[in-house]
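K.L.:
First, the structure itself, so that you have it in front of you.
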Amino acid sequence: MIPYGRQSITDEDIEAVVAVLKSDYLTQGEAVPTFEQGLADYCQAPHVIACSNGTTALHLACAALALGEQDWVWVSAISFVASANCARYCGAQVDFVDVDSATGNLCVTALREKLQRVQGSARQPKALVAVHLAGQPCDLAEIGALCRQYGVHLIEDACHALGASYQGQPIGSCAHSDMTVFSFHPVKPITTGEGGAVTTRSAELAAKLRLYRSHGITRDPAQLTVDTPGGWYYEQQVLGFNYRLTDIQAALGSSQLARLPQFIDRRRLLAARYDELLTRLPVEPLHQGHDRLSGYHLYVIRVQDRDEVFARLRDAGIGVNVHYMPIPAQPYYRDLGHDPANYPGAQAYYRQAISLPLFPGLSLAEQDQVVQTLESVLCA
């Protein structure tokens with residue numbers, strides 16, 4: 001089976017992890033700040049807060065905005081469920097914005113029309129989670145302008161998009177948003193095993209993110225409510241979480257980060273080769289915007305008879321996948337009153353989307369096998 005994604009681990013990665021295992025600190029040492037600084041330099045963001053996974057990163061972003069039961073959060077209708085669940089963890093109400101079926105990303109027209117309908121009402125959102133699906137940046141300038149116009153906080157869900165860029169700026173720089181969230185799951189651009197991070201330009205948000213990441217506890221003398229009686233003293237100031245990344249994971253992350261440009265170059269080479277090889281087949285790759293560069297976490301095509309194509313490719317040893325079923329179609333959200341029929345773009349995308357294998361270790365021979373098998377399925 002050729003999987004749709006796979007991590008790339010070298011002897012250098014293993015040595016970095018072993019060095020931490022032999023050190024005095026497996027957690028709360030220097031490896032996490034080192035990893036955070038590396039991400040800050042890469043993303044051109046002044047503040048990076050690493051945490052235990054991409055979902056906790058999303059939750060921290062929502063907590064830092066003080067989302068609660070009276071608040072609404074809007075989310076791209078096509079994404080992994082964590083993009084919406086993070087708001088529910090805070091008790092907030094969730095609604096969805098339709099996507100452009102040609103990209104799978106949030107549709108600016110749908111967002112504008114929906115904001116116009118709810119302006120001034122109790123359903124006006126406090127925050128929007130905009131997803132960079134498959135590593136392709138969404139329309140950040142237009143989305144950011146709408147969020148500023150309507151007073152909506154913007155969270156970029158970039159769990160697919162480390163290494164991507166928009167209008168010449170790296171995703172994660174937060175040029176148009178309040179915060180950007182990353183994931184370091186094994187199939188993502190780099191891995192820490194599990195892990196995540198939030199980037200922001202706001203020192204205030206960064207302080208809240210760090211506080212919520214570690215039980216709501218601080219030892220910072222400048223933040224304490226009383227004069228400290230001794231070096232042992234700390235205060236829990238909010239109800240926080242234990243969402244810390246370990247030094248073991250951070251060491252792997254720093255080692256991987258050094259190879260991120262190489263990973264992204266390989267993904268783009270393979271994606272360009274797919275573009276060329278698939279021109280003769282009745283498939284449609286996702287549309288790529290002219291002013292952005294995808295990180296190609298996924299290579300998604302749209303095909304007729306998707307379910308049959310999926311089954312036959314899997315039977316032939318090609319580990320294709322589907323990213324994603326519309327979140328409003330999930331039973332949990334249907335039970336909350338959401339109707340997937342309200343999102344025709346998401347429905348059209350989902351009916352045809354299939355992700356082909358794409359990862360740095362994919363050989364050209366394996367890629368040829370994927371395309372040849374796909375051709376045999378489609379042209380039988």
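In the structure tokens, chains take the letters A, B, ... in the order shown, each chain's residues start at 1, and ligands count up from 1 in the order shown.
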Among range 12-209 of chain A, which residues does DSSP mark as alpha helix (DSSP H) when it is run on the backbone? Keep the chain and numbering as in the structure and answer as a PyMOL selection string.
P.N.:
chain A and resi 12-21+31-43+54-64+82-89+108-118+140-150+203-209
K.L.:
Apply DSSP to the backbone of this structure and, from range 34-147 of chain A, keep only the residues in strand (DSSP E); write these as a list of chain:residue names.
P.N.:
A:His47, A:Val48, A:Ile49, A:Ala50, A:Cys51, A:Trp72, A:Val73, A:Trp74, A:Val75, A:Ser76, A:Gln93, A:Val94, A:Asp95, A:Phe96, A:Val97, A:Ala127, A:Leu128, A:Val129, A:Ala130, A:Val131
K.L.:
Keeping C-alpha atoms, export the residues of the selection given above as an mmCIF file, in the first residue's frame.
P.N.:
data_model
loop_
_atom_site.group_PDB
_atom_site.id
_atom_site.type_symbol
_atom_site.label_atom_id
_atom_site.label_comp_id
_atom_site.auth_asym_id
_atom_site.auth_seq_id
_atom_site.Cartn_x
_atom_site.Cartn_y
_atom_site.Cartn_z
ATOM 1 C CA HIS A 47 5.422 35.226 19.048
ATOM 2 C CA VAL A 48 5.150 31.424 18.793
ATOM 3 C CA ILE A 49 3.524 29.221 21.411
ATOM 4 C CA ALA A 50 4.137 25.493 20.918
ATOM 5 C CA CYS A 51 1.662 23.001 22.356
ATOM 6 C CA TRP A 72 -20.639 32.702 17.667
ATOM 7 C CA VAL A 73 -17.689 31.288 15.779
ATOM 8 C CA TRP A 74 -17.844 30.658 12.036
ATOM 9 C CA VAL A 75 -15.765 27.928 10.418
ATOM 10 C CA SER A 76 -15.007 26.798 6.866
ATOM 11 C CA GLN A 93 -21.992 28.481 19.202
ATOM 12 C CA VAL A 94 -20.698 27.338 15.804
ATOM 13 C CA ASP A 95 -21.912 28.160 12.317
ATOM 14 C CA PHE A 96 -20.329 27.453 8.949
ATOM 15 C CA VAL A 97 -19.354 29.335 5.805
ATOM 16 C CA ALA A 127 -14.338 34.898 15.463
ATOM 17 C CA LEU A 128 -13.823 33.180 12.123
ATOM 18 C CA VAL A 129 -11.681 30.064 11.630
ATOM 19 C CA ALA A 130 -10.493 30.146 8.011
ATOM 20 C CA VAL A 131 -8.827 26.955 6.784
#
K.L.:
Excluding Gln116 in chain A and residues on its chain fewer than 5 positions from it, collect all residues at most 12 Å away from it, counting only C-alpha atoms, and give them as a PyMOL selection string.
P.N.:
chain A and resi 109-111+121+123-125+146-147+149-150
K.L.:
Need the shell around Phe359 in chain A: protein/DNA/RNA residues with any atom at most 12 Å away, counting only C-alpha atoms. Skip same-chain ones fewer than 6 positions apart. Format as a list of chain:residue names?
P.N.:
A:Ile2, A:Pro3, A:Tyr4, A:Gly5, A:Arg6, A:Gln7, A:Ser8, A:Pro186, A:Val187, A:Lys188, A:Pro189, A:Ile190, A:Gln262, A:Phe263, A:Ile264, A:Asp265, A:Arg266, A:Arg267, A:Arg268, A:Leu269, A:Leu270, A:Ala271, A:Gly295, A:Tyr296, A:His297, A:Leu298, A:Tyr299, A:Glu366, A:Gln367
K.L.:
Just the residues within 10 Å of Asp220 in chain A, please, counting only C-alpha atoms, with nothing from its chain fewer than 2 positions along; format it as a list in words.
P.N.:
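Once the nearby chain positions are removed, what remains is Ile217, Thr218, Ala222, Gln223, Leu224, Thr228, Tyr233, Tyr234 and Glu235 of chain A.
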K.L.:
Using only C-alpha atoms, which of the listed residues (A:Pro331, A:Pro229, A:Pro137, A:Pro170) sits closest to His290 in chain A?
P.N.:
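Using only C-alpha atoms, the shortest distance to His290 in chain A belongs to A:Pro137.
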K.L.:
Kindly give the distance, in Å, that separates CA of Asp98 in chain A and CA of Leu133 in chain A, rounded to a single decimal.
P.N.:
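Answer for the CA of Asp98 in chain A to CA of Leu133 in chain A separation: 13.2 Å.
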K.L.:
Using only C-alpha atoms, pick whichever of A:Ile78, A:Leu286, A:Val226, A:Leu257 has the shortest atom-to-atom distance to Gln136 in chain A.
P.N.:
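The shortest atom-to-atom distance to Gln136 in chain A comes from A:Leu286.
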